[in-house]
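Structure record follows, encoded as structure tokens.
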Amino acid sequence: MTKDPFSDKWSSKRWTVKRTLGIGLAVALLVGVAAAIYFGQGGGEEPARLQTVRGVIGSEKLAFFADQRVQDVFAKHGLKVEVDPAGSRQIATATDLTSYDFAFPSSAPAAEKIQRDRKAARTYAPFSSPMVIATFDPIVDLLTKAGVVNSGPGYQTFDVQAYLDLAAKGTRWDQLPGNSSYAARKNLLVTTTDPRDSNSAAMYLAITSFVANGGVVSSQEAEAKVLPAVSKLFLDQGYTQSSTEGPFEDYLSAGMGKTPLVLAYEAQFVDRVVRGDSTIRPDMKLLYPAPTVLSKHTLVPLREPGDRVGQLLTSDAELGRLAATFGFRTADPRHFTDVVKEKNLTVPQTIVDVVEPPAHETLERMLEAIAKQY
Amino acid sequence: MIRRLVPALAVVALLAGCSDDPDPSRPVGDAAPGVLRVLAGSELADLQPVLDEAARATGVSVKFSFTGTIEGAEKVASGSAEQGFDAVWFSSNRYLELVPEAQKRLGTPARVMSSPVVLGLPAAKVKELGWDGRRVGWAEIAEAAGARKFTYGMTDPSVSNSGFSALVGVAAALSGSGAALDTARINAVAPQLKQFFSAQALSAGSSGWLSEAYAKRSRGEGVAVDGLINYESVLLSLNATLPEPLTLIYPNDGVVTADYPLTLLTSATSEAREAHRKLSDHLRSPDVQRRIMDITHRRPAVPQVQPDAKFAVKDLVELPFPGSQSAVDGLITTYFDQLRRPSRTLYVLDTSGSMQGDRIEGLRQALVGLTGADQSLAGKFNRFHGREQVTLLPFNNSALPPLKYEVPADDPRPVLDQIRTTATSLDAGGGTAIYSSLRGGYDVLRAQIDADPDRFTSVVLMTDGENTGSEDFDDFQRFHAGLPQHLKDIPIFPVLFGESATAEMDQVAKMSGGKVFDARSRSLSDAFKEIRGYQ
């Protein structure tokens with residue numbers, strides 16, 4: 001780096017002035033605030049003192065925590081919950097957790113790691129959501145012809161094995177026979193988040209590695225066997241976003257051109273339908289991967305106030321009902337069933353083809369191996 | 001304290017007054033309540049009316065400091081952005097997220113709007129190419145460009161996102177594999193890319209200057225360029241001012257889209273977090289989204305608001321973006337060293353007595369910085385490129401002998417070292433014969449152009465004072481007016497430094513279709529680096 005002595009002189013002078021000015025302003029503002037406090041106390045009631053609790057959460061729960069009704073329930077219990085959204089693996093690996101009272105990633109494996117690292121005594125799993133693929137009618141038609149989409153038990157399924165076969169050959173959309181509705185010159189790939197820092201991508205790896213291996217991956221040989229095929233599903237996408245809200249928002253606003261197939265939590269889709277804000281159009285469809293995995297949203301308390309949040313989410317019926325309106329399948333299934341009935345949702349009560357994710361270490365090792373190839 | 005403050009403020013006011021181009025990357029001060037300090041891409045400037053309204057509605061005002069995407073990524077990665085800023089706001093976070101040290105410092109993003117990078121051509125040209133009424137792909141566009149059936153302007157991909165997006169888009173589309181680019185795929189597609197870039201007739205360091213230059217040329221000031229590659233939003237805004245509006249070509253195999261995420265830094269205080277949340281909620285509310293769409297011609301970011309009819313193609317295929325920093329950096333390096341038309345740059349440099357001391361040292365360092373000594377991310381890309389012809393023409397009482405170099409594409413190091421040696425041995429002494437020396441520069445260029453016409457040619461004129469030579473500005477103006485068209489159109493980029501004659505330098509830039517760069521309130525290095533985007 002080269003430096004010009006003149007410019008340094010000028011800029012440091014500017015800084016000095018701004019700093020001095022900054023102090024002056026701060027003093028003026030302090031006086032103003034003090035005056036406001038003084039005059040503001042003229043006979044109003046003492047507001048209830050709420051304890052602030054800070055958490056870092058998987059981004060798909062942001063809307064839930066931001067909801068006024070949810071905040072009101074917490075306030076009734078003396079809490080004000082402030083949250084920062086982040087990718088779930090990022091929470092488990094990169095984020096500095098010292099300023100937080102709880103971590104609330106979107107999967108059991110990520111929570112498992114945080115619990116171990118931080119030596120937390122216990123965890124709470126108040127709700128879950130199956131992984132789904134959100135798409136559009138023309139894509140459903142194309143993939144039905146290609147043998148990837150099938151009619152399942154009351155819902156449409158996405159045949160992961162058939163998809164892996166197409167992806168292995170590097171099939172482009174415009175190479176599908178009889179495709180006039182989406183002739184894009186890019187590979188037929190489900191849009192996911194970045195496997196290096198997001199939970200939903202790890203869940204996707206759990207699904208695809210299960211299929212590529214013909215069962216849960218539980219040995220180093222099996223890892224080596226499935227890695228080439230599953231790595232390709234991520235690497236060929238190129239850049240991917242780090243948080244699941246990103247690609248799902250692309251799906252909703254930029255549409256089929258940008259995101260023909262997006263991996264999502266069922267809750268993201270249901271939440272939008274319940275909101276009735278017309279963002280889910282009639283041509284938008286949900287497919288359930290066969291098999292799929294459940295994302296178990298798991299809260300790890302890091303300090304005492306965080307533990308209270310975990311308790312409330314698990315035991316408070318009002319919070320349970322609210323969670324269901326945000327699309328989550330609740331620990332007490334009645335809440336979710338009520339919402340499905342009330343809003344006349346076309347989601348299955350139960351999903352039959354669900355598999356378990358690999359052990360935390362196995363999943364991490366595979367994710368590391370994929371990360372190295374970027 | 002107050003009394004001391006007043007004269008200091010006056011000094012700042014004076015300083016600001018004498019510069020017509022205030023440093024856009026100035027620091028924005030310490031944290032203050034209700035203020036969000038944002039390191040941003042300069043194209044966000046057009047959002048100011050919306051931000052003024054937002055400040056009234058939310059009590060949160062935005063203070064911008066502008067920088068390029070790659071320089072910004074570097075500031076975030078090094079942690080220096082955290083010292084003066086609460087948030088970053090670029091046309092995309094893609095590059096930032098590929099740099100691990102930057103990625104981990106990024107907090108909550110809120111996407112505010114979007115705009116794809118597309119090609120704009122006059123309707124008559126579209127018809128002539130047989131493209132009206134049908135969609136074409138990048139391969140067909142590249143073929144027509146390779147046959148020089150049209151020319152276009154595009155920004156420098158290392159400093160401006162629109163050029164960067166175009167480069168990524170055309171490379172991804174031409175590779176035909178349908179998967180994201182890696183180094184092997186970039187090399188395989190190099191010949192077609194070279195064809196495509198052979199039609200690039202204009203380069204610029206910013207989208208704004210590029211469209212201004214285009215508009216001027218289409219009014220007959222300088223050689224006309226057929227089309228522009230730029231954001232859809234910039235082309236739509238430009239169309240309101242053009243006698244013949246551009247038809248927007250949306251390649252059917254895909255585009256790369258900017259999505260403008262207003263992104264909190266993880267270091268932000270809870271006040272700044274709250275300010276970011278309030279502002280994001282406001283900007284993403286349906287009414288504000290419609291307002292943004294109306295005044296900036298960018299597409300809405302929230303699904304509740306439908307894009308309106310001015311966006312001719314709604315459902316755009318998004319091309320895959322590379323997944324690693326090495327692939328992106330490799331693509332940019334390949335662009336400069338192999339793909340684009342090579343540059344020819346002439347530096348007319350004041351080495352008169354007034355340059356003695358710190359000034360001549362600043363000049364030496366500015367040149368050395370362009371020989372690869374600058375190890376920063378941005379510095380890597382703005383060094384003298386492979387195939388570039390570089391001529392240094394120092395002057396004092398008259399022009400000294402020109403020092404000519406050509407940087408080889410394969411092994412640039414030895415020639416870059418020679419330039420560095422020459423630069424460090426520049427000495428100051430004698431008078432300031434600006435205009436006779438500048439005139440002499442055209443003799444050098446004429447010979448070089450005759451031997452090899454197909455290059456981006458430009459002149460940098462650096463002087464720190466008034467002309468003392470016998471030829472004055474009027475003489476040069478007459479000389480310039482009499483030049484043949486191809487020499488007259490060579491842009492001159494004067495650098496204001498020391499006691500430069502501002503008015504004359506403005507004239508020189510204007511008559512040649514160039515641009516003035518100010519090095520009075522920052523280093524010569526910074527100015528020289530910024531000029532690289534236009535060479």
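If you're wondering about the labels, chains in the structure tokens are A, B, ... by order shown, residues count from 1 in each chain, ligands from 1 in order shown.
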
Do a neighbour search on Gln349 of chain A at 10 Å with only C-alpha atoms, toss out local chain neighbours closer than 3 positions, and write the hits as a PDB file with N, CA and C atoms, in the first residue's frame.
ATOM      1  N   GLY A 154     -51.650 -39.225  -0.905  1.00  0.00           N
ATOM      2  CA  GLY A 154     -52.374 -37.991  -0.595  1.00  0.00           C
ATOM      3  C   GLY A 154     -51.564 -36.729  -0.831  1.00  0.00           C
ATOM      4  N   ARG A 329     -44.790 -27.726  12.883  1.00  0.00           N
ATOM      5  CA  ARG A 329     -45.461 -28.885  13.489  1.00  0.00           C
ATOM      6  C   ARG A 329     -45.019 -28.902  14.947  1.00  0.00           C
ATOM      7  N   PRO A 333     -49.185 -32.212  18.711  1.00  0.00           N
ATOM      8  CA  PRO A 333     -49.621 -32.124  17.312  1.00  0.00           C
ATOM      9  C   PRO A 333     -50.980 -31.436  17.131  1.00  0.00           C
ATOM     10  N   PHE A 336     -50.940 -27.888  15.416  1.00  0.00           N
ATOM     11  CA  PHE A 336     -50.737 -27.860  13.966  1.00  0.00           C
ATOM     12  C   PHE A 336     -51.989 -28.354  13.249  1.00  0.00           C
ATOM     13  N   THR A 337     -52.589 -29.453  13.756  1.00  0.00           N
ATOM     14  CA  THR A 337     -53.794 -30.001  13.132  1.00  0.00           C
ATOM     15  C   THR A 337     -54.918 -28.963  13.108  1.00  0.00           C
ATOM     16  N   VAL A 340     -54.261 -26.533  10.292  1.00  0.00           N
ATOM     17  CA  VAL A 340     -54.501 -27.156   8.986  1.00  0.00           C
ATOM     18  C   VAL A 340     -55.999 -27.163   8.691  1.00  0.00           C
ATOM     19  N   THR A 346     -53.582 -27.683   2.273  1.00  0.00           N
ATOM     20  CA  THR A 346     -53.402 -28.959   1.578  1.00  0.00           C
ATOM     21  C   THR A 346     -52.055 -29.570   1.940  1.00  0.00           C
ATOM     22  N   VAL A 352     -45.110 -40.167   5.479  1.00  0.00           N
ATOM     23  CA  VAL A 352     -44.722 -41.548   5.783  1.00  0.00           C
ATOM     24  C   VAL A 352     -43.237 -41.819   5.600  1.00  0.00           C
TER      25      VAL A 352
END

Skip Lys61 of chain A itself and residues of its chain fewer than 5 positions away, then list as a list of chain:residue names all residues within 10 Å of it, counting only C-alpha atoms.
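Those residues are A:Ala66, A:Val83, A:Pro85, A:Phe104, A:Pro105, A:Ser106, A:Glu245, A:Ala267, A:Gln268, A:His297, A:Ala323, A:Phe326, A:Phe328.
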
Suppose we keep N, CA and C atoms; can you now write the selection as a PDB file, in the first residue's frame?
ATOM      1  N   ALA A  66     -40.621 -12.083  15.910  1.00  0.00           N
ATOM      2  CA  ALA A  66     -40.915 -10.663  15.708  1.00  0.00           C
ATOM      3  C   ALA A  66     -42.404 -10.369  15.906  1.00  0.00           C
ATOM      4  N   VAL A  83     -33.791 -11.222  19.023  1.00  0.00           N
ATOM      5  CA  VAL A  83     -33.100 -12.294  18.306  1.00  0.00           C
ATOM      6  C   VAL A  83     -32.335 -11.783  17.097  1.00  0.00           C
ATOM      7  N   PRO A  85     -31.013 -13.372  13.432  1.00  0.00           N
ATOM      8  CA  PRO A  85     -31.079 -14.567  12.596  1.00  0.00           C
ATOM      9  C   PRO A  85     -29.702 -14.917  12.027  1.00  0.00           C
ATOM     10  N   PHE A 104     -30.778 -21.102  18.969  1.00  0.00           N
ATOM     11  CA  PHE A 104     -31.961 -21.851  18.546  1.00  0.00           C
ATOM     12  C   PHE A 104     -31.809 -22.234  17.083  1.00  0.00           C
ATOM     13  N   PRO A 105     -30.860 -23.157  16.793  1.00  0.00           N
ATOM     14  CA  PRO A 105     -30.679 -23.577  15.408  1.00  0.00           C
ATOM     15  C   PRO A 105     -31.851 -24.438  14.955  1.00  0.00           C
ATOM     16  N   SER A 106     -31.875 -24.769  13.674  1.00  0.00           N
ATOM     17  CA  SER A 106     -33.044 -25.450  13.120  1.00  0.00           C
ATOM     18  C   SER A 106     -32.856 -26.956  13.004  1.00  0.00           C
ATOM     19  N   GLU A 245     -33.981 -18.193   4.213  1.00  0.00           N
ATOM     20  CA  GLU A 245     -34.972 -17.182   3.841  1.00  0.00           C
ATOM     21  C   GLU A 245     -34.655 -16.608   2.453  1.00  0.00           C
ATOM     22  N   ALA A 267     -42.650 -25.299   6.922  1.00  0.00           N
ATOM     23  CA  ALA A 267     -43.182 -24.174   7.695  1.00  0.00           C
ATOM     24  C   ALA A 267     -43.114 -22.857   6.936  1.00  0.00           C
ATOM     25  N   GLN A 268     -42.079 -22.680   6.114  1.00  0.00           N
ATOM     26  CA  GLN A 268     -41.960 -21.419   5.370  1.00  0.00           C
ATOM     27  C   GLN A 268     -43.138 -21.238   4.434  1.00  0.00           C
ATOM     28  N   HIS A 297     -36.302 -28.111  15.276  1.00  0.00           N
ATOM     29  CA  HIS A 297     -35.824 -26.846  15.842  1.00  0.00           C
ATOM     30  C   HIS A 297     -35.527 -27.049  17.325  1.00  0.00           C
ATOM     31  N   ALA A 323     -47.040 -20.816  17.251  1.00  0.00           N
ATOM     32  CA  ALA A 323     -46.005 -21.481  16.440  1.00  0.00           C
ATOM     33  C   ALA A 323     -46.652 -22.228  15.280  1.00  0.00           C
ATOM     34  N   PHE A 326     -47.439 -20.214  12.384  1.00  0.00           N
ATOM     35  CA  PHE A 326     -46.257 -19.916  11.562  1.00  0.00           C
ATOM     36  C   PHE A 326     -45.807 -21.146  10.783  1.00  0.00           C
ATOM     37  N   PHE A 328     -45.207 -24.326  11.870  1.00  0.00           N
ATOM     38  CA  PHE A 328     -44.410 -25.373  12.509  1.00  0.00           C
ATOM     39  C   PHE A 328     -45.297 -26.514  12.988  1.00  0.00           C
TER      40      PHE A 328
END

Using atom CA of Val38 of chain B and atom CA of Ile229 of chain B as the two end points, give the distance in Å to one decimal.
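Value for the atom CA of Val38 of chain B-atom CA of Ile229 of chain B distance: 27.3 Å.
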
Per residue of chain B within 8 Å of chain A, which atom pair is closest and at what distance in Å (one decimal), using only C-alpha atoms, listed by chain and increasing number, as a tab-separated table?
residue	atom	partner	partner_atom	distance
B:Leu5	CA	A:Val17	CA	7.3
B:Ala8	CA	A:Val17	CA	6.6
B:Leu9	CA	A:Val17	CA	7.0
B:Val12	CA	A:Arg14	CA	7.0
B:Gly29	CA	A:Lys18	CA	6.2
B:Asp30	CA	A:Gly22	CA	6.8
B:Ala32	CA	A:Ala26	CA	7.9
B:Arg94	CA	A:Tyr239	CA	7.1
B:Leu98	CA	A:Tyr239	CA	7.9
B:Lys104	CA	A:Ala94	CA	7.0
B:Gly107	CA	A:Ala86	CA	7.5
B:Thr108	CA	A:Pro85	CA	6.6
B:Ala173	CA	A:Arg185	CA	7.5
B:Gly176	CA	A:Arg185	CA	6.9
B:Ser177	CA	A:Lys186	CA	7.1
B:Gly178	CA	A:Lys186	CA	3.6
B:Ala179	CA	A:Asp236	CA	4.6
B:Ala180	CA	A:Gly238	CA	4.6
B:Leu181	CA	A:Gly238	CA	7.2
B:Asn252	CA	A:Ala184	CA	7.6
B:Asp253	CA	A:Arg185	CA	5.6
B:Gly254	CA	A:Ala184	CA	7.6
B:Ala301	CA	A:Ser253	CA	6.6
B:Val302	CA	A:Ser253	CA	6.0
B:Pro303	CA	A:Ser253	CA	4.3
B:Gln304	CA	A:Thr279	CA	5.7
B:Asp315	CA	A:Gly257	CA	5.1
B:Leu316	CA	A:Gly257	CA	4.7
B:Val317	CA	A:Gly257	CA	3.9
B:Glu318	CA	A:Lys258	CA	4.6
B:Leu319	CA	A:Lys186	CA	7.2
B:Pro320	CA	A:Gly238	CA	5.8
B:Phe321	CA	A:Tyr239	CA	5.2
B:Pro322	CA	A:Gly238	CA	4.5
B:Gly323	CA	A:Gly238	CA	3.9
B:Ser324	CA	A:Tyr374	CA	5.5
B:Asp358	CA	A:Pro5	CA	7.1
B:Gly362	CA	A:Asp4	CA	5.5
B:Gln365	CA	A:Thr2	CA	6.0
B:Ala366	CA	A:Thr2	CA	7.1
B:Gly369	CA	A:Thr2	CA	6.8
B:Ala373	CA	A:Met1	CA	7.5
B:Asp374	CA	A:Met1	CA	5.2
B:Gln375	CA	A:Met1	CA	7.0
B:Ser376	CA	A:Met1	CA	7.5
B:Arg520	CA	A:Ser7	CA	7.2
B:Ser521	CA	A:Ser7	CA	5.2
B:Arg522	CA	A:Ser7	CA	4.2
B:Ser523	CA	A:Asp4	CA	4.5
B:Leu524	CA	A:Asp4	CA	6.8
B:Ser525	CA	A:Thr2	CA	6.7

Go ahead and write the selection's residues with N, CA and C atoms as a short mmCIF file (atom, residue, chain, number, x, y, z; two decimals), in the first residue's frame.
data_model
loop_
_atom_site.label_atom_id
_atom_site.label_comp_id
_atom_site.auth_asym_id
_atom_site.auth_seq_id
_atom_site.Cartn_x
_atom_site.Cartn_y
_atom_site.Cartn_z
N LEU B 5 -13.42 24.97 18.23
CA LEU B 5 -14.11 24.25 17.16
C LEU B 5 -14.36 25.13 15.94
N ALA B 8 -11.58 25.50 13.27
CA ALA B 8 -11.37 24.19 12.65
C ALA B 8 -12.47 23.89 11.63
N LEU B 9 -13.70 24.23 11.99
CA LEU B 9 -14.82 24.02 11.07
C LEU B 9 -14.63 24.86 9.82
N VAL B 12 -12.34 23.25 7.39
CA VAL B 12 -13.00 22.17 6.67
C VAL B 12 -13.89 22.72 5.57
N GLY B 29 -18.01 9.46 10.22
CA GLY B 29 -18.05 9.89 11.61
C GLY B 29 -18.40 8.79 12.59
N ASP B 30 -18.50 9.22 13.84
CA ASP B 30 -18.76 8.26 14.91
C ASP B 30 -20.22 7.86 14.95
N ALA B 32 -23.93 7.54 16.04
CA ALA B 32 -24.83 8.51 16.66
C ALA B 32 -26.23 7.90 16.65
N ARG B 94 -22.79 -11.30 -3.09
CA ARG B 94 -22.19 -12.54 -3.57
C ARG B 94 -20.68 -12.55 -3.42
N LEU B 98 -18.10 -14.75 -0.70
CA LEU B 98 -17.09 -15.71 -1.16
C LEU B 98 -15.75 -15.49 -0.44
N LYS B 104 -17.95 -13.84 7.49
CA LYS B 104 -18.29 -14.06 8.90
C LYS B 104 -18.61 -12.74 9.62
N GLY B 107 -23.94 -9.60 9.03
CA GLY B 107 -25.11 -9.98 9.82
C GLY B 107 -26.35 -10.03 8.95
N THR B 108 -27.46 -9.59 9.51
CA THR B 108 -28.75 -9.68 8.84
C THR B 108 -28.81 -8.91 7.53
N ALA B 173 -23.04 -18.33 -19.45
CA ALA B 173 -23.94 -18.74 -20.53
C ALA B 173 -23.17 -19.42 -21.66
N GLY B 176 -22.01 -23.13 -21.51
CA GLY B 176 -22.97 -24.10 -22.01
C GLY B 176 -23.13 -25.33 -21.14
N SER B 177 -22.36 -25.43 -20.06
CA SER B 177 -22.44 -26.65 -19.26
C SER B 177 -23.63 -26.60 -18.32
N GLY B 178 -24.14 -25.40 -18.05
CA GLY B 178 -25.28 -25.30 -17.15
C GLY B 178 -24.90 -25.37 -15.69
N ALA B 179 -23.62 -25.58 -15.41
CA ALA B 179 -23.15 -25.59 -14.02
C ALA B 179 -22.30 -24.35 -13.78
N ALA B 180 -22.06 -24.05 -12.51
CA ALA B 180 -21.29 -22.85 -12.18
C ALA B 180 -19.87 -22.95 -12.73
N LEU B 181 -19.28 -21.77 -13.01
CA LEU B 181 -17.95 -21.71 -13.60
C LEU B 181 -16.87 -22.11 -12.62
N ASN B 252 -32.18 -14.97 -23.41
CA ASN B 252 -33.10 -16.00 -22.92
C ASN B 252 -32.41 -17.12 -22.16
N ASP B 253 -31.07 -17.17 -22.25
CA ASP B 253 -30.39 -18.19 -21.45
C ASP B 253 -30.00 -17.68 -20.07
N GLY B 254 -30.30 -16.42 -19.80
CA GLY B 254 -30.14 -15.99 -18.43
C GLY B 254 -29.37 -14.70 -18.22
N ALA B 301 -38.56 -6.04 -4.17
CA ALA B 301 -37.92 -7.21 -3.55
C ALA B 301 -38.91 -8.07 -2.80
N VAL B 302 -40.10 -7.54 -2.53
CA VAL B 302 -41.05 -8.33 -1.75
C VAL B 302 -42.13 -8.87 -2.67
N PRO B 303 -42.56 -10.12 -2.43
CA PRO B 303 -43.52 -10.76 -3.34
C PRO B 303 -44.91 -10.11 -3.32
N GLN B 304 -45.21 -9.31 -2.29
CA GLN B 304 -46.54 -8.69 -2.25
C GLN B 304 -46.71 -7.62 -3.33
N ASP B 315 -40.09 -12.88 -15.96
CA ASP B 315 -39.54 -14.11 -15.40
C ASP B 315 -38.17 -14.38 -16.03
N LEU B 316 -37.12 -13.97 -15.35
CA LEU B 316 -35.78 -14.08 -15.91
C LEU B 316 -35.04 -15.28 -15.35
N VAL B 317 -34.38 -16.03 -16.23
CA VAL B 317 -33.54 -17.12 -15.76
C VAL B 317 -32.28 -16.52 -15.14
N GLU B 318 -31.93 -16.97 -13.94
CA GLU B 318 -30.72 -16.46 -13.30
C GLU B 318 -29.57 -17.44 -13.56
N LEU B 319 -28.48 -16.93 -14.10
CA LEU B 319 -27.34 -17.79 -14.38
C LEU B 319 -26.59 -18.12 -13.10
N PRO B 320 -26.00 -19.33 -13.03
CA PRO B 320 -25.26 -19.66 -11.81
C PRO B 320 -24.05 -18.75 -11.65
N PHE B 321 -23.78 -18.37 -10.42
CA PHE B 321 -22.66 -17.49 -10.09
C PHE B 321 -21.57 -18.36 -9.48
N PRO B 322 -20.28 -18.09 -9.78
CA PRO B 322 -19.24 -18.99 -9.26
C PRO B 322 -19.32 -19.14 -7.74
N GLY B 323 -18.91 -20.31 -7.26
CA GLY B 323 -19.04 -20.61 -5.84
C GLY B 323 -17.77 -20.38 -5.05
N SER B 324 -16.71 -19.87 -5.68
CA SER B 324 -15.48 -19.65 -4.91
C SER B 324 -14.82 -18.35 -5.35
N ASP B 358 7.88 15.60 -1.20
CA ASP B 358 6.79 14.64 -1.01
C ASP B 358 6.02 14.39 -2.29
N GLY B 362 5.25 10.92 -3.99
CA GLY B 362 3.86 10.45 -4.15
C GLY B 362 3.63 9.92 -5.55
N GLN B 365 5.36 6.56 -6.02
CA GLN B 365 4.61 5.50 -5.34
C GLN B 365 3.33 5.15 -6.11
N ALA B 366 2.68 6.18 -6.69
CA ALA B 366 1.44 5.94 -7.42
C ALA B 366 1.71 5.01 -8.61
N GLY B 369 2.66 1.49 -7.44
CA GLY B 369 1.45 0.77 -7.02
C GLY B 369 0.78 0.04 -8.18
N ALA B 373 2.87 -3.86 -6.94
CA ALA B 373 3.36 -3.74 -5.57
C ALA B 373 2.20 -3.68 -4.58
N ASP B 374 1.05 -3.22 -5.06
CA ASP B 374 -0.14 -3.12 -4.20
C ASP B 374 -0.74 -4.52 -4.03
N GLN B 375 -0.61 -5.07 -2.83
CA GLN B 375 -1.02 -6.46 -2.61
C GLN B 375 -2.50 -6.59 -2.24
N SER B 376 -3.22 -5.47 -2.17
CA SER B 376 -4.63 -5.55 -1.79
C SER B 376 -5.41 -6.26 -2.90
N ARG B 520 -6.23 16.11 -4.74
CA ARG B 520 -5.81 17.14 -3.78
C ARG B 520 -6.19 16.76 -2.35
N SER B 521 -7.28 16.00 -2.21
CA SER B 521 -7.70 15.65 -0.86
C SER B 521 -7.47 14.17 -0.58
N ARG B 522 -6.76 13.49 -1.47
CA ARG B 522 -6.39 12.09 -1.24
C ARG B 522 -5.08 11.84 -1.98
N SER B 523 -4.59 10.62 -1.94
CA SER B 523 -3.27 10.39 -2.52
C SER B 523 -3.34 10.28 -4.04
N LEU B 524 -2.20 10.55 -4.69
CA LEU B 524 -2.11 10.34 -6.14
C LEU B 524 -2.36 8.87 -6.45
N SER B 525 -1.91 7.98 -5.56
CA SER B 525 -2.14 6.55 -5.76
C SER B 525 -3.62 6.25 -5.91
#

Please, what distance in Å, to one decimal, runs between atom CA of Leu129 of chain B and atom CA of Ala312 of chain B?
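The value is 19.5 Å.
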